[in-house]
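Next comes data-v7.csv, with CSV, N, CA and C atoms.
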chain,number,residue,atom,x,y,z
A,444,MET,N,-156.1,-36.4,-87.6
A,444,MET,CA,-155.1,-35.7,-86.8
A,444,MET,C,-153.7,-36.1,-87.3
A,445,GLY,N,-152.8,-35.2,-87.4
A,445,GLY,CA,-151.5,-35.5,-87.9
A,445,GLY,C,-150.6,-36.1,-86.8
A,446,ALA,N,-149.5,-36.5,-87.3
A,446,ALA,CA,-148.5,-37.1,-86.4
A,446,ALA,C,-147.9,-36.0,-85.5
A,447,PRO,N,-147.5,-36.3,-84.3
A,447,PRO,CA,-146.9,-35.3,-83.4
A,447,PRO,C,-145.5,-34.8,-84.0
A,448,THR,N,-145.1,-33.6,-83.6
A,448,THR,CA,-143.8,-33.1,-83.9
A,448,THR,C,-142.9,-33.5,-82.8
A,449,TYR,N,-141.8,-34.2,-83.2
A,449,TYR,CA,-140.8,-34.6,-82.2
A,449,TYR,C,-139.7,-33.6,-82.1
A,450,VAL,N,-139.5,-33.0,-80.9
A,450,VAL,CA,-138.5,-31.9,-80.7
A,450,VAL,C,-137.1,-32.6,-80.4
A,451,ILE,N,-136.1,-32.2,-81.2
A,451,ILE,CA,-134.7,-32.7,-81.0
A,451,ILE,C,-133.9,-31.5,-80.7
A,452,ASN,N,-133.1,-31.6,-79.6
A,452,ASN,CA,-132.1,-30.6,-79.3
A,452,ASN,C,-130.7,-31.0,-79.6
A,453,ALA,N,-130.1,-30.1,-80.4
A,453,ALA,CA,-128.7,-30.4,-80.8
A,453,ALA,C,-127.8,-29.3,-80.3
A,454,THR,N,-126.7,-29.7,-79.6
A,454,THR,CA,-125.8,-28.7,-79.0
A,454,THR,C,-124.4,-29.0,-79.5
A,455,TRP,N,-123.7,-27.9,-79.8
A,455,TRP,CA,-122.3,-28.1,-80.2
A,455,TRP,C,-121.4,-28.4,-79.0
A,456,ASP,N,-120.7,-29.5,-79.0
A,456,ASP,CA,-119.7,-29.8,-78.0
A,456,ASP,C,-118.4,-29.3,-78.4
A,457,GLU,N,-117.9,-28.2,-77.8
A,457,GLU,CA,-116.7,-27.6,-78.3
A,457,GLU,C,-115.5,-28.5,-78.0
A,458,ASP,N,-115.5,-29.2,-76.9
A,458,ASP,CA,-114.4,-30.1,-76.6
A,458,ASP,C,-114.2,-31.2,-77.6
A,459,ALA,N,-115.4,-31.9,-77.9
A,459,ALA,CA,-115.3,-33.0,-78.8
A,459,ALA,C,-115.4,-32.6,-80.3
A,460,LYS,N,-115.8,-31.4,-80.5
A,460,LYS,CA,-116.0,-30.8,-81.9
A,460,LYS,C,-117.0,-31.6,-82.7
A,461,VAL,N,-118.2,-31.9,-82.0
A,461,VAL,CA,-119.3,-32.6,-82.6
A,461,VAL,C,-120.6,-31.9,-82.2
A,462,TRP,N,-121.6,-32.1,-83.0
A,462,TRP,CA,-123.0,-31.8,-82.6
A,462,TRP,C,-123.6,-33.0,-81.9
A,463,VAL,N,-124.2,-32.8,-80.7
A,463,VAL,CA,-124.8,-33.9,-79.9
A,463,VAL,C,-126.3,-33.6,-79.9
A,464,ALA,N,-127.1,-34.6,-80.3
A,464,ALA,CA,-128.6,-34.5,-80.3
A,464,ALA,C,-129.2,-35.4,-79.3
A,465,VAL,N,-130.1,-34.9,-78.5
A,465,VAL,CA,-130.9,-35.6,-77.5
A,465,VAL,C,-132.4,-35.1,-77.6
A,466,SER,N,-133.3,-35.9,-77.0
A,466,SER,CA,-134.7,-35.5,-77.1
A,466,SER,C,-135.5,-36.2,-76.0
A,467,ASP,N,-136.3,-35.4,-75.3
A,467,ASP,CA,-137.2,-36.0,-74.3
A,467,ASP,C,-138.4,-36.7,-75.1
A,468,ASP,N,-138.6,-36.3,-76.3
A,468,ASP,CA,-139.7,-36.9,-77.1
A,468,ASP,C,-139.3,-38.3,-77.7
A,469,VAL,N,-138.0,-38.6,-77.8
A,469,VAL,CA,-137.6,-39.8,-78.4
A,469,VAL,C,-136.7,-40.5,-77.4
A,470,PRO,N,-137.3,-41.4,-76.6
A,470,PRO,CA,-136.5,-42.1,-75.5
A,470,PRO,C,-135.3,-42.8,-76.1
A,471,GLY,N,-134.1,-42.6,-75.4
A,471,GLY,CA,-132.9,-43.2,-75.8
A,471,GLY,C,-132.1,-42.5,-76.9
A,472,LEU,N,-132.6,-41.4,-77.4
A,472,LEU,CA,-131.9,-40.8,-78.5
A,472,LEU,C,-130.6,-40.0,-78.0
A,473,VAL,N,-129.5,-40.4,-78.5
A,473,VAL,CA,-128.2,-39.7,-78.3
A,473,VAL,C,-127.5,-39.9,-79.6
A,474,ALA,N,-127.2,-38.8,-80.4
A,474,ALA,CA,-126.5,-39.0,-81.6
A,474,ALA,C,-125.4,-37.9,-81.7
A,475,GLU,N,-124.3,-38.2,-82.4
A,475,GLU,CA,-123.2,-37.2,-82.6
A,475,GLU,C,-122.9,-37.2,-84.0
A,476,ALA,N,-122.5,-36.0,-84.5
A,476,ALA,CA,-122.0,-35.9,-85.9
A,476,ALA,C,-121.1,-34.6,-86.0
A,477,ASP,N,-120.3,-34.6,-87.0
A,477,ASP,CA,-119.4,-33.5,-87.2
A,477,ASP,C,-120.1,-32.2,-87.7
A,478,ASP,N,-121.2,-32.4,-88.4
A,478,ASP,CA,-121.9,-31.2,-88.8
A,478,ASP,C,-123.4,-31.5,-88.8
A,479,VAL,N,-124.2,-30.5,-89.0
A,479,VAL,CA,-125.7,-30.6,-88.9
A,479,VAL,C,-126.2,-31.5,-90.0
A,480,PRO,N,-125.8,-31.4,-91.3
A,480,PRO,CA,-126.3,-32.3,-92.3
A,480,PRO,C,-126.0,-33.8,-92.0
A,481,GLN,N,-124.9,-34.1,-91.4
A,481,GLN,CA,-124.6,-35.5,-91.0
A,481,GLN,C,-125.5,-35.9,-89.9
A,482,LEU,N,-125.7,-35.0,-89.0
A,482,LEU,CA,-126.6,-35.3,-87.8
A,482,LEU,C,-128.0,-35.6,-88.3
A,483,VAL,N,-128.5,-34.8,-89.2
A,483,VAL,CA,-129.8,-35.1,-89.8
A,483,VAL,C,-129.9,-36.4,-90.4
A,484,ASN,N,-128.9,-36.8,-91.2
A,484,ASN,CA,-128.9,-38.2,-91.8
A,484,ASN,C,-129.0,-39.3,-90.7
A,485,LYS,N,-128.2,-39.1,-89.6
A,485,LYS,CA,-128.3,-40.1,-88.5
A,485,LYS,C,-129.7,-40.1,-87.9
A,486,LEU,N,-130.3,-38.9,-87.7
A,486,LEU,CA,-131.6,-38.8,-87.1
A,486,LEU,C,-132.7,-39.5,-87.9
A,487,LYS,N,-132.5,-39.4,-89.2
A,487,LYS,CA,-133.5,-40.1,-90.2
A,487,LYS,C,-133.6,-41.6,-89.9
A,488,VAL,N,-132.5,-42.1,-89.5
A,488,VAL,CA,-132.4,-43.6,-89.2
A,488,VAL,C,-132.8,-43.9,-87.8
A,489,LEU,N,-132.2,-43.2,-86.9
A,489,LEU,CA,-132.3,-43.5,-85.4
A,489,LEU,C,-133.7,-43.2,-84.9
A,490,ILE,N,-134.3,-42.1,-85.3
A,490,ILE,CA,-135.6,-41.7,-84.7
A,490,ILE,C,-136.7,-42.7,-84.9
A,491,PRO,N,-136.9,-43.1,-86.2
A,491,PRO,CA,-138.0,-44.2,-86.4
A,491,PRO,C,-137.6,-45.5,-85.7
A,492,GLU,N,-136.4,-45.9,-85.6
A,492,GLU,CA,-136.0,-47.1,-85.0
A,492,GLU,C,-136.3,-47.0,-83.5
A,493,LEU,N,-135.9,-45.9,-82.8
A,493,LEU,CA,-136.2,-45.7,-81.4
A,493,LEU,C,-137.6,-45.6,-81.1
A,494,LEU,N,-138.4,-44.9,-81.9
A,494,LEU,CA,-139.8,-44.7,-81.6
A,494,LEU,C,-140.5,-46.1,-81.8
A,495,GLU,N,-140.2,-46.9,-82.7
A,495,GLU,CA,-140.7,-48.2,-82.9
A,495,GLU,C,-140.3,-49.1,-81.7
A,496,ALA,N,-139.1,-49.1,-81.3
A,496,ALA,CA,-138.6,-49.9,-80.2
A,496,ALA,C,-139.2,-49.6,-78.9
A,497,ASN,N,-139.6,-48.3,-78.7
A,497,ASN,CA,-140.2,-47.8,-77.5
A,497,ASN,C,-141.8,-47.9,-77.6
A,498,GLY,N,-142.3,-48.4,-78.7
A,498,GLY,CA,-143.7,-48.6,-78.8
A,498,GLY,C,-144.5,-47.2,-79.0
A,499,VAL,N,-143.7,-46.2,-79.4
A,499,VAL,CA,-144.4,-44.9,-79.7
A,499,VAL,C,-145.0,-44.9,-81.1
A,500,LEU,N,-144.5,-45.7,-82.0
A,500,LEU,CA,-145.1,-45.9,-83.3
A,500,LEU,C,-145.7,-47.3,-83.4
A,501,PRO,N,-146.9,-47.5,-82.9
A,501,PRO,CA,-147.4,-48.8,-82.9
A,501,PRO,C,-147.6,-49.4,-84.3
A,502,ARG,N,-147.9,-48.5,-85.3
A,502,ARG,CA,-148.0,-49.0,-86.6
A,502,ARG,C,-147.1,-48.2,-87.5
A,503,PRO,N,-145.8,-48.6,-87.6
A,503,PRO,CA,-144.8,-47.8,-88.4
A,503,PRO,C,-145.2,-47.5,-89.8
A,504,GLU,N,-145.9,-48.5,-90.4
A,504,GLU,CA,-146.3,-48.2,-91.8
A,504,GLU,C,-147.3,-47.0,-92.0
A,505,ALA,N,-148.0,-46.7,-90.9
A,505,ALA,CA,-148.9,-45.6,-90.9
A,505,ALA,C,-148.2,-44.2,-90.7
A,506,HIS,N,-146.9,-44.3,-90.3
A,506,HIS,CA,-146.1,-43.1,-90.0
A,506,HIS,C,-144.8,-43.1,-90.9
A,507,SER,N,-145.0,-43.3,-92.2
A,507,SER,CA,-143.8,-43.4,-93.0
A,507,SER,C,-143.1,-42.1,-93.0
A,508,SER,N,-143.8,-41.0,-92.7
A,508,SER,CA,-143.1,-39.7,-92.5
A,508,SER,C,-143.8,-39.0,-91.3
A,509,PHE,N,-143.0,-38.2,-90.6
A,509,PHE,CA,-143.5,-37.4,-89.5
A,509,PHE,C,-142.5,-36.3,-89.3
A,510,PRO,N,-143.1,-35.2,-88.7
A,510,PRO,CA,-142.2,-34.0,-88.5
A,510,PRO,C,-141.3,-34.1,-87.3
A,511,ILE,N,-140.2,-33.5,-87.4
A,511,ILE,CA,-139.3,-33.2,-86.3
A,511,ILE,C,-138.9,-31.7,-86.3
A,512,GLU,N,-138.6,-31.2,-85.1
A,512,GLU,CA,-138.2,-29.9,-85.0
A,512,GLU,C,-136.8,-30.0,-84.4
A,513,LEU,N,-135.8,-29.6,-85.2
A,513,LEU,CA,-134.4,-29.7,-84.8
A,513,LEU,C,-133.9,-28.3,-84.3
A,514,LEU,N,-133.7,-28.2,-83.0
A,514,LEU,CA,-133.3,-26.9,-82.4
A,514,LEU,C,-131.8,-27.0,-82.2
A,515,THR,N,-131.0,-26.1,-82.7
A,515,THR,CA,-129.5,-26.1,-82.6
A,515,THR,C,-129.1,-25.0,-81.7
A,516,HIS,N,-128.1,-25.3,-80.9
A,516,HIS,CA,-127.5,-24.3,-80.0
A,516,HIS,C,-126.0,-24.4,-80.1
A,517,ARG,N,-125.4,-23.2,-80.3
A,517,ARG,CA,-123.9,-23.2,-80.3
A,517,ARG,C,-123.5,-21.8,-79.8
A,518,ARG,N,-122.6,-21.9,-78.8
A,518,ARG,CA,-122.1,-20.6,-78.2
A,518,ARG,C,-120.8,-20.3,-78.9
A,519,LEU,N,-120.7,-19.0,-79.3
A,519,LEU,CA,-119.5,-18.5,-80.0
A,519,LEU,C,-118.9,-17.3,-79.2
A,520,MET,N,-117.6,-17.2,-79.2
A,520,MET,CA,-117.0,-16.0,-78.7
A,520,MET,C,-116.5,-15.2,-79.9
A,521,LEU,N,-117.0,-14.0,-79.9
A,521,LEU,CA,-116.6,-13.0,-81.0
A,521,LEU,C,-115.7,-12.0,-80.4
A,522,GLY,N,-114.7,-11.6,-81.2
A,522,GLY,CA,-113.8,-10.6,-80.7
A,522,GLY,C,-113.2,-9.9,-81.9
A,523,ALA,N,-112.3,-8.9,-81.6
A,523,ALA,CA,-111.7,-8.1,-82.6
A,523,ALA,C,-110.8,-8.9,-83.5
A,524,ASN,N,-110.2,-10.0,-83.1
A,524,ASN,CA,-109.3,-10.8,-83.9
A,524,ASN,C,-110.0,-11.9,-84.7
A,525,ASP,N,-111.3,-12.0,-84.7
A,525,ASP,CA,-112.0,-13.0,-85.5
A,525,ASP,C,-112.3,-12.6,-86.9
Kindly transcribe the structure held in the file into C-alpha cells.
Amino acid sequence: MGAPTYVINATWDEDAKVWVAVSDDVPGLVAEADDVPQLVNKLKVLIPELLEANGVLPRPEAHSSFPIELLTHRRLMLGAND
C-alpha cells in the first residue's frame, strides 16, 4: 500500500500579497510565500517535519518521498481595463 496523499490548500492573500498554505492532513501547517514555487520549496521542508513531529510518519526513513496535492485558489477581477 502506498503512502497517503496529503492535500494542501493554498490561497492568495490579496492584502498581504502572499500565498498562504494550510492543511487538515498536516497538523500545524501554515506557510506563506510570494509565489507558488517558493511555497513548494517551503512545503518540502515543513511537511515532513510536521508529520514526524505529530507522529504521522512513525518511520520517516520508510517515507523518504510521499505525494501531496497542492490546490491553489486565487480570485481575480477582470475588466475592460485589464
Next item on the list: May I have the residues within 5 Å of Leu514 of chain A as number ranges by chain, using only N, CA and C atoms and disregarding those fewer than 5 positions away in the same chain?
Entry: A: 451-453
Notebook entry, point to check: What residues in chain A get the DSSP label strand (DSSP E or B)? Please answer as a ChimeraX atom specification.
Noted result: /A:449-456,461-465,473-476,511-516
Checklist line | Selected residue of minimal separation from Trp455 of chain A among A:Asp478, A:Asp468, A:Glu495, A:Glu512, counting only C-alpha atoms | finding: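 Checking each of A:Asp478, A:Asp468, A:Glu495, A:Glu512 against Trp455 of chain A, counting only C-alpha atoms, the winner is A:Asp478.
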Note to self: Please extract the residues of chain A with a backbone DSSP assignment of alpha helix (DSSP H) and present them as a ChimeraX atom specification.
What the structure shows: /A:479-496
Next item on the list: Please write as a PyMOL selection string the list of polymer residues whose atoms come within 6 Å of (-144.9, -34.1, -88.2), counting all atoms listed in the file and keeping to the coordinates of the file.
Entry: chain A and resi 446-449+508-511
Margin query: Could you tell me how far atom C of Val461 of chain A sits from atom N of Val479 of chain A, in Å to one decimal place?
Written below: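 Pair atom N of Val479 of chain A / atom C of Val461 of chain A returns 7.8 Å.
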Report as a CSV table (one decimal) with N, CA and C atoms, in the frame of the given file all protein, DNA and RNA residues lying within 10 Å of Ala459 of chain A, evaluated on only C-alpha atoms, omitting residues in the same chain fewer than 4 positions from it.
chain,number,residue,atom,x,y,z
A,455,TRP,N,-123.7,-27.9,-79.8
A,455,TRP,CA,-122.3,-28.1,-80.2
A,455,TRP,C,-121.4,-28.4,-79.0
A,463,VAL,N,-124.2,-32.8,-80.7
A,463,VAL,CA,-124.8,-33.9,-79.9
A,463,VAL,C,-126.3,-33.6,-79.9
A,475,GLU,N,-124.3,-38.2,-82.4
A,475,GLU,CA,-123.2,-37.2,-82.6
A,475,GLU,C,-122.9,-37.2,-84.0
A,477,ASP,N,-120.3,-34.6,-87.0
A,477,ASP,CA,-119.4,-33.5,-87.2
A,477,ASP,C,-120.1,-32.2,-87.7
Next item on the list: Could you tell me how far atom CA of Lys487 of chain A lies from atom C of Arg518 of chain A, in Å and to one decimal?
Entry: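 Separating atom CA of Lys487 of chain A from atom C of Arg518 of chain A is a distance of 26.1 Å.
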Check: When you draw a straight line from atom CA of Val473 of chain A to atom CA of Val450 of chain A, how long is it in Å?
Finding: 13.1 Å
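Once Pro470 of chain A and its same-chain neighbours fewer than 3 positions away are set aside, Ser466, Asp467, Val473, Leu493 and Leu494 of chain A remain within 7 Å of it when counting only N, CA and C atoms.
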Notebook entry, point to check: Closest to Leu513 of chain A among A:Gly445, A:Gly498, A:Pro491, A:Pro480, using only C-alpha atoms?
Noted result: A:Pro480
Next item on the list: Counting only C-alpha atoms, figure out which residue out of A:Thr454, A:Lys485, A:Val469, A:Ala464 gets nearest to Val499 of chain A.
Entry: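 Using only C-alpha atoms, the shortest distance to Val499 of chain A belongs to A:Val469.
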